[in-house]
>>> print(open('work09.cif').read())   # mmCIF, C-alpha atoms and all ligand atoms
data_entry
#
loop_
_atom_site.label_atom_id
_atom_site.label_comp_id
_atom_site.auth_asym_id
_atom_site.auth_seq_id
_atom_site.Cartn_x
_atom_site.Cartn_y
_atom_site.Cartn_z
CA MET A 1 -96.83 -50.31 -61.56
CA ASN A 2 -94.36 -47.79 -60.28
CA PRO A 3 -91.16 -48.12 -62.32
CA THR A 4 -88.91 -47.94 -59.31
CA THR A 5 -90.55 -50.57 -57.13
CA PRO A 6 -88.03 -53.06 -55.69
CA THR A 7 -89.02 -55.63 -58.32
CA ALA A 8 -87.68 -53.37 -61.08
CA PRO A 9 -84.77 -55.02 -62.86
CA GLU A 10 -81.36 -53.41 -62.73
CA LEU A 11 -81.06 -53.24 -66.49
CA SER A 12 -83.52 -52.96 -69.36
CA ILE A 13 -82.51 -53.29 -73.00
CA ILE A 14 -84.62 -51.73 -75.76
CA VAL A 15 -84.13 -53.09 -79.25
CA PRO A 16 -86.02 -51.42 -82.11
CA ALA A 17 -86.31 -53.87 -84.99
CA PHE A 18 -87.65 -53.43 -88.49
CA ASN A 19 -87.39 -56.30 -90.96
CA GLU A 20 -84.63 -58.06 -89.03
CA GLN A 21 -85.79 -61.67 -89.48
CA GLU A 22 -82.40 -62.97 -90.58
CA GLY A 23 -80.19 -61.54 -87.86
CA LEU A 24 -82.52 -61.40 -84.87
CA ALA A 25 -81.93 -64.87 -83.39
CA ALA A 26 -78.15 -64.53 -83.69
CA PHE A 27 -78.27 -61.06 -82.15
CA LEU A 28 -80.40 -62.23 -79.21
CA SER A 29 -78.07 -65.11 -78.46
CA GLN A 30 -75.10 -62.70 -78.50
CA LEU A 31 -76.97 -60.27 -76.27
CA PHE A 32 -78.19 -62.79 -73.70
CA GLY A 33 -74.75 -64.38 -73.64
CA VAL A 34 -73.28 -61.06 -72.51
CA LEU A 35 -76.16 -60.17 -70.18
CA ALA A 36 -75.91 -63.42 -68.23
CA GLY A 37 -72.34 -62.49 -67.33
CA CYS A 38 -72.88 -58.87 -66.31
CA SER A 39 -76.16 -58.50 -64.45
CA ASP A 40 -78.43 -60.71 -62.42
CA SER A 41 -81.63 -58.83 -63.06
CA TYR A 42 -82.41 -57.63 -66.54
CA GLU A 43 -85.13 -57.57 -69.17
CA VAL A 44 -85.01 -57.21 -72.94
CA TRP A 45 -87.73 -55.53 -74.98
CA VAL A 46 -87.69 -55.97 -78.72
CA ILE A 47 -89.95 -53.38 -80.35
CA ASP A 48 -91.05 -54.66 -83.73
CA ASP A 49 -91.61 -51.50 -85.75
CA GLY A 50 -94.23 -53.01 -88.06
CA SER A 51 -91.87 -55.38 -89.85
CA ARG A 52 -93.16 -56.75 -93.11
CA ASP A 53 -91.09 -59.93 -92.85
CA ALA A 54 -91.08 -62.71 -90.25
CA THR A 55 -89.35 -60.70 -87.50
CA TRP A 56 -92.33 -61.07 -85.14
CA GLU A 57 -92.62 -64.83 -85.65
CA LYS A 58 -88.87 -65.22 -85.10
CA LEU A 59 -89.15 -63.18 -81.91
CA ARG A 60 -92.04 -65.31 -80.60
CA ALA A 61 -90.02 -68.42 -81.29
CA GLU A 62 -87.24 -67.10 -79.05
CA LEU A 63 -89.54 -66.36 -76.08
CA ALA A 64 -89.35 -69.89 -74.71
CA ARG A 65 -85.57 -69.75 -74.68
CA TYR A 66 -85.22 -66.48 -72.77
CA PRO A 67 -87.64 -65.79 -69.90
CA GLN A 68 -86.40 -62.16 -69.73
CA LEU A 69 -87.42 -61.48 -73.32
CA HIS A 70 -90.47 -59.35 -74.17
CA GLY A 71 -91.85 -58.27 -77.51
CA LEU A 72 -94.05 -55.39 -78.55
CA ARG A 73 -95.36 -55.03 -82.04
CA PHE A 74 -96.64 -51.86 -83.70
CA THR A 75 -99.65 -52.03 -85.97
CA ARG A 76 -97.45 -50.66 -88.77
CA ASN A 77 -94.07 -49.03 -89.32
CA PHE A 78 -93.95 -45.88 -87.19
CA GLY A 79 -90.18 -45.34 -87.36
CA LYS A 80 -87.25 -45.96 -85.04
CA GLU A 81 -87.91 -42.88 -82.90
CA ALA A 82 -91.41 -44.16 -82.09
CA ALA A 83 -89.99 -47.62 -81.35
CA ILE A 84 -87.49 -46.17 -78.89
CA LEU A 85 -90.25 -44.18 -77.20
CA ALA A 86 -92.46 -47.26 -76.93
CA GLY A 87 -89.55 -49.09 -75.34
CA LEU A 88 -88.89 -46.29 -72.86
CA ARG A 89 -92.55 -46.41 -71.81
CA GLN A 90 -92.50 -50.19 -71.30
CA VAL A 91 -89.27 -50.81 -69.45
CA ARG A 92 -88.82 -50.60 -65.69
CA GLY A 93 -85.06 -50.95 -65.30
CA ARG A 94 -82.95 -48.64 -63.17
CA ALA A 95 -80.64 -48.38 -66.16
CA VAL A 96 -81.89 -48.55 -69.73
CA VAL A 97 -79.87 -49.27 -72.86
CA VAL A 98 -81.09 -48.67 -76.40
CA MET A 99 -79.37 -50.72 -79.10
CA ASP A 100 -79.89 -51.78 -82.72
CA ALA A 101 -81.15 -55.24 -83.62
CA ASP A 102 -78.62 -55.81 -86.38
CA GLY A 103 -75.56 -56.42 -84.19
CA GLN A 104 -73.92 -53.12 -85.21
CA HIS A 105 -74.05 -52.02 -81.58
CA PRO A 106 -71.87 -54.71 -79.99
CA PRO A 107 -73.35 -56.24 -76.79
CA ALA A 108 -69.74 -56.77 -75.67
CA LEU A 109 -69.72 -53.07 -74.71
CA LEU A 110 -72.49 -53.55 -72.13
CA PRO A 111 -70.31 -54.55 -69.13
CA GLN A 112 -68.23 -51.39 -69.55
CA MET A 113 -71.32 -49.20 -69.90
CA LEU A 114 -72.86 -50.75 -66.80
CA GLU A 115 -69.66 -50.31 -64.83
CA LEU A 116 -69.57 -46.57 -65.55
CA TRP A 117 -73.17 -46.25 -64.44
CA ARG A 118 -72.86 -48.49 -61.37
CA ASN A 119 -69.99 -46.58 -59.86
CA GLY A 120 -71.93 -43.36 -60.28
CA LYS A 121 -69.69 -41.79 -62.91
CA ALA A 122 -72.46 -41.31 -65.44
CA HIS A 123 -76.16 -40.78 -65.83
CA ILE A 124 -75.75 -41.30 -69.54
CA VAL A 125 -73.15 -43.51 -71.18
CA ALA A 126 -73.03 -42.52 -74.83
CA ALA A 127 -71.40 -45.04 -77.13
CA GLN A 128 -69.53 -43.11 -79.81
CA LYS A 129 -68.82 -44.50 -83.25
CA ALA A 130 -65.03 -44.69 -83.47
CA ASN A 131 -65.13 -45.72 -87.12
CA ARG A 132 -67.63 -45.61 -89.90
CA ASP A 133 -65.90 -48.26 -91.97
CA THR A 134 -69.10 -50.21 -92.36
CA ASP A 135 -70.83 -47.21 -93.94
CA THR A 136 -70.62 -46.39 -97.61
CA TRP A 137 -68.87 -43.14 -98.55
CA PHE A 138 -72.29 -41.75 -99.39
CA ALA A 139 -73.63 -42.56 -95.91
CA ARG A 140 -70.52 -41.04 -94.37
CA LEU A 141 -70.93 -37.87 -96.41
CA ASN A 142 -74.58 -37.70 -95.36
CA ALA A 143 -73.64 -38.11 -91.71
CA ARG A 144 -70.90 -35.48 -91.97
CA MET A 145 -73.27 -32.97 -93.56
CA PHE A 146 -76.04 -33.72 -91.08
CA ASN A 147 -73.78 -33.40 -88.03
CA GLY A 148 -72.16 -30.22 -89.33
CA LEU A 149 -75.53 -28.64 -90.00
CA MET A 150 -76.87 -29.71 -86.61
CA HIS A 151 -73.85 -28.25 -84.87
CA ALA A 152 -74.10 -24.94 -86.74
CA LEU A 153 -77.83 -24.61 -86.16
CA THR A 154 -78.41 -26.06 -82.72
CA GLY A 155 -75.02 -26.12 -81.02
CA LEU A 156 -75.48 -29.85 -80.29
CA ASP A 157 -72.35 -31.82 -81.19
CA LEU A 158 -73.55 -35.14 -82.55
CA GLU A 159 -70.36 -36.19 -84.33
CA GLY A 160 -69.96 -39.92 -83.75
CA ALA A 161 -73.12 -39.97 -81.64
CA SER A 162 -75.40 -42.95 -81.99
CA ASP A 163 -78.63 -44.14 -80.43
CA PHE A 164 -76.57 -46.74 -78.56
CA ARG A 165 -76.69 -45.33 -75.04
CA LEU A 166 -77.26 -46.24 -71.45
CA LEU A 167 -79.64 -43.98 -69.56
CA ASP A 168 -80.19 -43.77 -65.84
CA ARG A 169 -83.83 -44.03 -64.70
CA ARG A 170 -83.78 -40.27 -63.96
CA VAL A 171 -82.93 -39.54 -67.59
CA VAL A 172 -85.64 -41.90 -68.84
CA ASP A 173 -88.23 -40.27 -66.61
CA ALA A 174 -87.11 -36.85 -67.81
CA LEU A 175 -87.45 -37.90 -71.45
CA LEU A 176 -90.87 -39.41 -70.81
CA SER A 177 -92.04 -36.19 -69.23
CA PHE A 178 -91.45 -34.26 -72.47
CA PRO A 179 -94.89 -33.59 -73.94
CA GLU A 180 -93.67 -33.27 -77.52
CA LYS A 181 -94.75 -35.72 -80.18
CA VAL A 182 -91.95 -35.17 -82.66
CA ARG A 183 -88.86 -36.70 -81.17
CA PHE A 184 -85.16 -36.97 -81.85
CA PHE A 185 -83.81 -39.32 -79.20
CA ARG A 186 -80.11 -38.66 -79.70
CA GLY A 187 -80.50 -34.90 -79.47
CA MET A 188 -82.96 -35.00 -76.58
CA THR A 189 -80.65 -37.02 -74.35
CA VAL A 190 -77.83 -34.54 -75.00
CA TRP A 191 -80.24 -31.68 -74.32
CA THR A 192 -81.13 -33.02 -70.84
CA GLY A 193 -77.61 -32.18 -69.71
CA PHE A 194 -77.18 -35.13 -67.33
CA THR A 195 -73.57 -36.22 -66.72
CA THR A 196 -72.54 -38.02 -69.86
CA VAL A 197 -69.53 -40.25 -70.35
CA PRO A 198 -68.61 -41.11 -73.93
CA LEU A 199 -67.41 -44.60 -74.73
CA ALA A 200 -65.84 -45.37 -78.09
CA PHE A 201 -66.88 -48.46 -80.02
CA ASP A 202 -66.19 -49.92 -83.43
CA VAL A 203 -69.33 -50.25 -85.49
CA ALA A 204 -69.66 -53.95 -86.29
CA PRO A 205 -70.93 -55.10 -89.66
CA ARG A 206 -74.61 -56.01 -89.83
CA ILE A 207 -75.32 -59.63 -88.88
CA ALA A 208 -77.67 -59.94 -91.83
CA GLY A 209 -79.87 -57.89 -94.13
CA THR A 210 -79.33 -54.32 -95.24
CA SER A 211 -79.85 -50.94 -93.64
CA GLN A 212 -83.52 -50.07 -93.54
CA TRP A 213 -83.17 -46.34 -93.94
CA SER A 214 -84.21 -44.81 -97.21
CA THR A 215 -82.73 -41.47 -98.25
CA GLY A 216 -86.20 -39.97 -97.85
CA GLN A 217 -86.46 -41.23 -94.26
CA LEU A 218 -83.02 -39.83 -93.44
CA MET A 219 -83.98 -36.47 -94.91
CA ARG A 220 -87.14 -36.43 -92.81
CA LEU A 221 -85.11 -37.29 -89.70
CA ALA A 222 -82.74 -34.42 -90.46
CA ILE A 223 -85.62 -31.97 -90.88
CA THR A 224 -87.25 -33.21 -87.67
CA ALA A 225 -83.98 -32.97 -85.80
CA ILE A 226 -83.30 -29.43 -86.97
CA THR A 227 -86.81 -27.99 -86.69
CA SER A 228 -87.33 -29.47 -83.24
CA PHE A 229 -84.06 -28.15 -81.86
CA SER A 230 -83.49 -24.82 -83.53
CA ALA A 231 -85.37 -21.83 -84.90
CA LYS A 232 -82.23 -20.49 -86.57
CA PRO A 233 -83.31 -21.34 -90.14
CA LEU A 234 -86.19 -18.92 -89.65
CA SER A 235 -83.90 -16.08 -88.64
CA ILE A 236 -81.46 -16.96 -91.43
CA VAL A 237 -84.28 -16.60 -93.95
CA PHE A 238 -85.26 -13.33 -92.32
CA ARG A 239 -81.72 -11.97 -92.61
CA LEU A 240 -81.52 -13.18 -96.19
CA GLY A 241 -84.68 -11.21 -96.89
CA LEU A 242 -83.19 -8.07 -95.33
CA PHE A 243 -80.04 -8.47 -97.36
CA GLY A 244 -82.10 -8.93 -100.53
CA MET A 245 -84.05 -5.78 -99.78
CA LEU A 246 -80.86 -3.79 -99.36
CA ALA A 247 -79.51 -5.12 -102.66
CA ALA A 248 -82.82 -4.31 -104.35
CA PHE A 249 -82.68 -0.76 -103.01
CA LEU A 250 -79.18 -0.24 -104.42
CA LEU A 251 -80.31 -1.59 -107.78
CA LEU A 252 -83.29 0.74 -107.67
CA LEU A 253 -80.93 3.69 -107.28
CA GLN A 254 -78.93 2.46 -110.23
CA ALA A 255 -82.09 2.05 -112.32
CA MET A 256 -83.22 5.60 -111.43
CA TYR A 257 -79.83 6.91 -112.38
CA SER A 258 -79.83 5.24 -115.81
CA TRP A 259 -83.41 6.49 -116.35
CA ILE A 260 -82.36 10.04 -115.59
CA THR A 261 -79.28 9.81 -117.83
CA HIS A 262 -81.36 8.12 -120.58
CA ALA A 263 -79.12 5.08 -120.59
CA ALA A 264 -81.95 2.63 -119.78
CA VAL A 265 -83.07 -0.70 -121.43
CA SER A 266 -79.70 -2.34 -121.10
CA GLY A 267 -79.65 -4.56 -118.03
CA TRP A 268 -81.70 -7.53 -119.17
CA THR A 269 -79.09 -9.82 -117.61
CA SER A 270 -79.25 -8.23 -114.20
CA MET A 271 -83.05 -8.35 -114.42
CA THR A 272 -83.01 -12.08 -115.08
CA VAL A 273 -80.57 -12.69 -112.27
CA ILE A 274 -82.67 -10.68 -109.86
CA VAL A 275 -85.90 -12.45 -110.80
CA LEU A 276 -84.30 -15.87 -110.47
CA PHE A 277 -82.56 -15.03 -107.23
CA PHE A 278 -85.57 -13.56 -105.48
CA GLY A 279 -87.85 -16.20 -106.89
CA SER A 280 -85.76 -18.99 -105.41
CA ALA A 281 -85.20 -17.08 -102.18
CA ASN A 282 -88.98 -16.84 -101.82
CA LEU A 283 -89.45 -20.54 -102.36
CA LEU A 284 -86.70 -21.36 -99.91
CA GLY A 285 -88.27 -19.12 -97.30
CA ILE A 286 -91.67 -20.68 -97.80
CA GLY A 287 -90.08 -24.11 -97.59
CA VAL A 288 -88.50 -23.32 -94.23
CA LEU A 289 -91.76 -21.89 -92.93
CA GLY A 290 -93.51 -25.00 -94.22
CA ALA A 291 -91.15 -27.30 -92.32
CA TYR A 292 -91.92 -25.54 -89.06
CA LEU A 293 -95.61 -25.38 -89.83
CA ALA A 294 -95.64 -29.12 -90.47
CA GLN A 295 -93.88 -29.66 -87.16
CA ILE A 296 -96.44 -27.55 -85.31
CA PHE A 297 -99.21 -29.36 -87.15
CA ASP A 298 -97.86 -32.73 -86.02
CA GLU A 299 -97.65 -31.49 -82.44
CA ILE A 300 -101.12 -30.01 -82.20
CA LYS A 301 -102.84 -33.00 -83.76
CA ARG A 302 -102.05 -34.76 -80.48
CA ARG A 303 -102.18 -38.11 -82.19
CA PRO A 304 -100.43 -40.98 -80.45
CA GLU A 305 -96.85 -41.51 -81.63
CA PHE A 306 -97.58 -45.16 -82.39
CA LEU A 307 -100.23 -47.84 -81.94
CA VAL A 308 -99.45 -51.11 -80.23
CA GLY A 309 -100.62 -54.21 -82.06
CA GLU A 310 -99.55 -56.90 -79.62
CA ILE A 311 -97.39 -57.51 -76.57
CA VAL A 312 -95.80 -60.86 -75.73
CA PRO A 313 -95.85 -62.40 -73.22
CA PRO A 314 -99.25 -60.74 -72.63
CA PRO A 315 -98.94 -58.43 -69.61
CA ALA A 316 -100.95 -59.49 -66.56
CA HIS A 317 -103.95 -57.22 -65.87
CA SER A 318 -102.59 -56.03 -62.58
CA LEU A 319 -99.42 -54.77 -64.22
CA ARG A 320 -99.20 -51.55 -66.18
N1 LIG B 1 -85.29 -49.54 -87.49
C1 LIG B 1 -86.57 -49.36 -86.98
N2 LIG B 1 -87.51 -48.74 -87.76
C2 LIG B 1 -87.23 -48.27 -89.02
C3 LIG B 1 -85.91 -48.44 -89.50
C4 LIG B 1 -84.96 -49.07 -88.71
O1 LIG B 1 -86.87 -49.76 -85.86
O2 LIG B 1 -88.13 -47.73 -89.66
C5 LIG B 1 -84.28 -50.23 -86.65
C6 LIG B 1 -83.51 -51.34 -87.33
O3 LIG B 1 -84.18 -52.58 -87.24
C7 LIG B 1 -82.21 -51.36 -86.55
C8 LIG B 1 -82.02 -49.90 -86.19
O4 LIG B 1 -83.30 -49.29 -86.30
O5 LIG B 1 -82.33 -52.12 -85.36
C9 LIG B 1 -81.01 -49.20 -87.08
O6 LIG B 1 -81.39 -49.37 -88.42
P1 LIG B 1 -80.37 -49.66 -89.59
O7 LIG B 1 -79.41 -50.73 -89.21
O8 LIG B 1 -81.20 -49.88 -90.80
O9 LIG B 1 -79.65 -48.26 -89.71
P2 LIG B 1 -78.11 -47.88 -89.57
O10 LIG B 1 -77.38 -49.00 -88.90
O11 LIG B 1 -77.69 -47.64 -90.96
O12 LIG B 1 -78.15 -46.64 -88.73
MG MG B 2 -77.54 -50.86 -88.66
#
>>> encode(input="work09.cif", output="structure tokens", more="lines below")
Ligand code: UDP
Ligand code: MG
Amino acid sequence: MNPTTPTAPELSIIVPAFNEQEGLAAFLSQLFGVLAGCSDSYEVWVIDDGSRDATWEKLRAELARYPQLHGLRFTRNFGKEAAILAGLRQVRGRAVVVMDADGQHPPALLPQMLELWRNGKAHIVAAQKANRDTDTWFARLNARMFNGLMHALTGLDLEGASDFRLLDRRVVDALLSFPEKVRFFRGMTVWTGFTTVPLAFDVAPRIAGTSQWSTGQLMRLAITAITSFSAKPLSIVFRLGLFGMLAAFLLLLQAMYSWITHAAVSGWTSMTVIVLFFGSANLLGIGVLGAYLAQIFDEIKRRPEFLVGEIVPPPAHSLR
């Protein structure tokens, strides 16, 4: 079905969910409470990212209550980026909002977001985290480092940015036309350059459960984000290499000089320093190359970004 046929709803909500059994029902009732008051045609897609708890069963139990609710389940955990992509492929709305399942992205912001889009002020409404009070200092430090690094390396300013955003159908279609497999939703929407209006919001505490991100996952996201948006680390390593070569050349002159003046053998310390420095510089360089190689590897494998286990209610054959 063509996404922009007249039957397309005005608004589609995409909710990636991973192990959210405790908070899901409460979140949905909040969400539908707000939706009923701000749009008369909408759909909600919860993308269950391979939860290992009862998230899917809870979701199915809610289907009878909300006719606009849909669920899609992955065969396993493919990550939030994949869940967002799956959502973007499913929904048909003329405006699409991505929001977390844990209540941290307050549904109360939706009317304002919609208003900005309806009166043509924005193709993208980007909800910006006004506070990070709900984060631990460690999470805040991580975010600060990540955003600083991203800004230095890619020029994208992601300070306060979140995945909580409204996208016009044009933006969604643009994102879906990207052939790349490795995705960083937040950065890609900024990259498209469509008119964006920021909207501040206070991050609410989680309804239930704990954050599902492990430090390892966050690190992988950071590497993905950087390697898919910037080749600067490669040129930094290259410049580092040049600098090292220059330093080595100067040291060579010094070594020659002490050999000529018979003052050699001293200099064990500088030797050690040099070996350690260039050894680690080598490893670093190889590591950076490896990160890009891995990225290219992921792209050329051409594997699907996710596999769908089940869709409820089951889509009619004529659709999609
Ligand atoms: N999430 C997901 N897949 C994952 C991890 C998280 O779909 O592998 C979802 C999660 O259910 C939530 C959102 O992504 O709806 C944000 O996750 P979380 O609250 O754990 O992260 P934070 O709020 O700390 O950014
Ligand atoms: Mg959260």
>>> residues_near_ligand(input="work09.cif", ligand="ligand MG 2 (chain B)", cutoff="6 Å", atoms="all atoms listed in the file", output="tab-separated table (two decimals) with C-alpha atoms, keeping the file's coordinate frame")
chain	number	residue	atom	x	y	z
A	102	ASP	CA	-78.62	-55.81	-86.38
A	104	GLN	CA	-73.92	-53.12	-85.21
A	211	SER	CA	-79.85	-50.94	-93.64
>>> atom_distance(input="work09.cif", atom1="atom CA of Phe249 of chain A", atom2="atom CA of Phe278 of chain A")
13.4 Å
>>> residues_near_point(input="work09.cif", point="(-73.9, -51.7, -92.0)", cutoff="7 Å", atoms="all atoms listed in the file", output="number ranges by chain")
A: 104, 134-135, 205-206, 210-211
>>> residues_near_ligand(input="work09.cif", ligand="ligand LIG 1 (chain B)", cutoff="8 Å", atoms="all atoms listed in the file", output="list in words")
Val15, Pro16, Ala17, Phe18, Asn19, Glu20, Ile47, Asp48, Asp49, Gly50, Asn77, Phe78, Gly79, Lys80, Glu81, Ala83, Ile84, Met99, Asp100, Ala101, Asp102, Gln104, Asp135, Arg206, Thr210, Ser211, Gln212 and Trp213 of chain A
>>> atom_distance(input="work09.cif", atom1="atom CA of Asn131 of chain A", atom2="atom CA of Asp202 of chain A")
5.7 Å
>>> residues_near_point(input="work09.cif", point="(-81.1, -55.5, -64.8)", cutoff="10 Å", atoms="only C-alpha atoms", output="list in words")
Ala8, Pro9, Glu10, Leu11, Ser12, Ile13, Leu35, Cys38, Ser39, Asp40, Ser41, Tyr42, Glu43, Val44, Gln68, Arg92, Gly93, Arg94, Ala95, Val96 and Leu114 of chain A
>>> closest_residue(input="work09.cif", among="A:His123, A:Lys58, A:Arg239, A:Arg76", to="Gly309 of chain A", atoms="all atoms listed in the file")
A:Arg76
>>> residues_around(input="work09.cif", residues="Gln128 of chain A", least_positions_apart="3", cutoff="7 Å", atoms="all atoms listed in the file", output="PDB file with C-alpha atoms, keeping the file's coordinate frame")
ATOM      1  CA  GLY A 160     -69.960 -39.920 -83.750  1.00  0.00           C
ATOM      2  CA  ALA A 161     -73.120 -39.970 -81.640  1.00  0.00           C
ATOM      3  CA  SER A 162     -75.400 -42.950 -81.990  1.00  0.00           C
ATOM      4  CA  PRO A 198     -68.610 -41.110 -73.930  1.00  0.00           C
ATOM      5  CA  LEU A 199     -67.410 -44.600 -74.730  1.00  0.00           C
ATOM      6  CA  ALA A 200     -65.840 -45.370 -78.090  1.00  0.00           C
ATOM      7  CA  PHE A 201     -66.880 -48.460 -80.020  1.00  0.00           C
TER       8      PHE A 201
END
>>> atom_distance(input="work09.cif", atom1="atom CA of Ala122 of chain A", atom2="atom CA of Leu156 of chain A")
19.0 Å
>>> closest_residue(input="work09.cif", among="A:Arg89, A:Arg132, A:Arg220, A:His151", to="Val172 of chain A", atoms="only C-alpha atoms")
A:Arg89
>>> closest_residue(input="work09.cif", among="A:Ala86, A:Val182, A:Leu167, A:Ala108", to="Phe306 of chain A", atoms="only C-alpha atoms")
A:Ala86
>>> decode(input="work09.cif", residues="segment 222-233 of chain A", atoms="N, CA, C and O atoms", output="compact mmCIF listing (two decimals), in the first residue's frame")
# COMPACT_ATOMS: atom_id res chain seq x y z
N ALA A 222 28.44 4.46 20.10
CA ALA A 222 29.32 5.59 19.87
C ALA A 222 30.23 5.32 18.66
O ALA A 222 30.42 6.19 17.81
N ILE A 223 30.78 4.11 18.59
CA ILE A 223 31.66 3.78 17.47
C ILE A 223 30.89 3.81 16.15
O ILE A 223 31.34 4.37 15.16
N THR A 224 29.68 3.23 16.17
CA THR A 224 28.83 3.28 14.97
C THR A 224 28.57 4.71 14.56
O THR A 224 28.72 5.08 13.39
N ALA A 225 28.17 5.52 15.55
CA ALA A 225 27.81 6.90 15.25
C ALA A 225 28.99 7.62 14.62
O ALA A 225 28.84 8.32 13.62
N ILE A 226 30.17 7.44 15.20
CA ILE A 226 31.33 8.17 14.70
C ILE A 226 31.79 7.63 13.35
O ILE A 226 31.96 8.39 12.39
N THR A 227 31.93 6.31 13.24
CA THR A 227 32.45 5.78 11.98
C THR A 227 31.48 5.96 10.83
O THR A 227 31.88 6.00 9.67
N SER A 228 30.16 6.08 11.13
CA SER A 228 29.25 6.24 10.01
C SER A 228 29.05 7.70 9.63
O SER A 228 28.39 7.99 8.65
N PHE A 229 29.60 8.60 10.43
CA PHE A 229 29.39 10.02 10.10
C PHE A 229 30.68 10.78 9.83
O PHE A 229 30.65 11.93 9.43
N SER A 230 31.82 10.17 10.08
CA SER A 230 33.05 10.93 9.95
C SER A 230 34.23 10.03 9.64
O SER A 230 34.34 8.93 10.16
N ALA A 231 35.11 10.50 8.76
CA ALA A 231 36.33 9.77 8.47
C ALA A 231 37.51 10.45 9.15
O ALA A 231 38.65 10.11 8.91
N LYS A 232 37.21 11.44 10.01
CA LYS A 232 38.28 12.21 10.63
C LYS A 232 39.26 11.36 11.44
O LYS A 232 40.46 11.61 11.38
N PRO A 233 38.76 10.36 12.22
CA PRO A 233 39.74 9.56 12.99
C PRO A 233 40.83 8.99 12.10
O PRO A 233 41.98 8.91 12.51
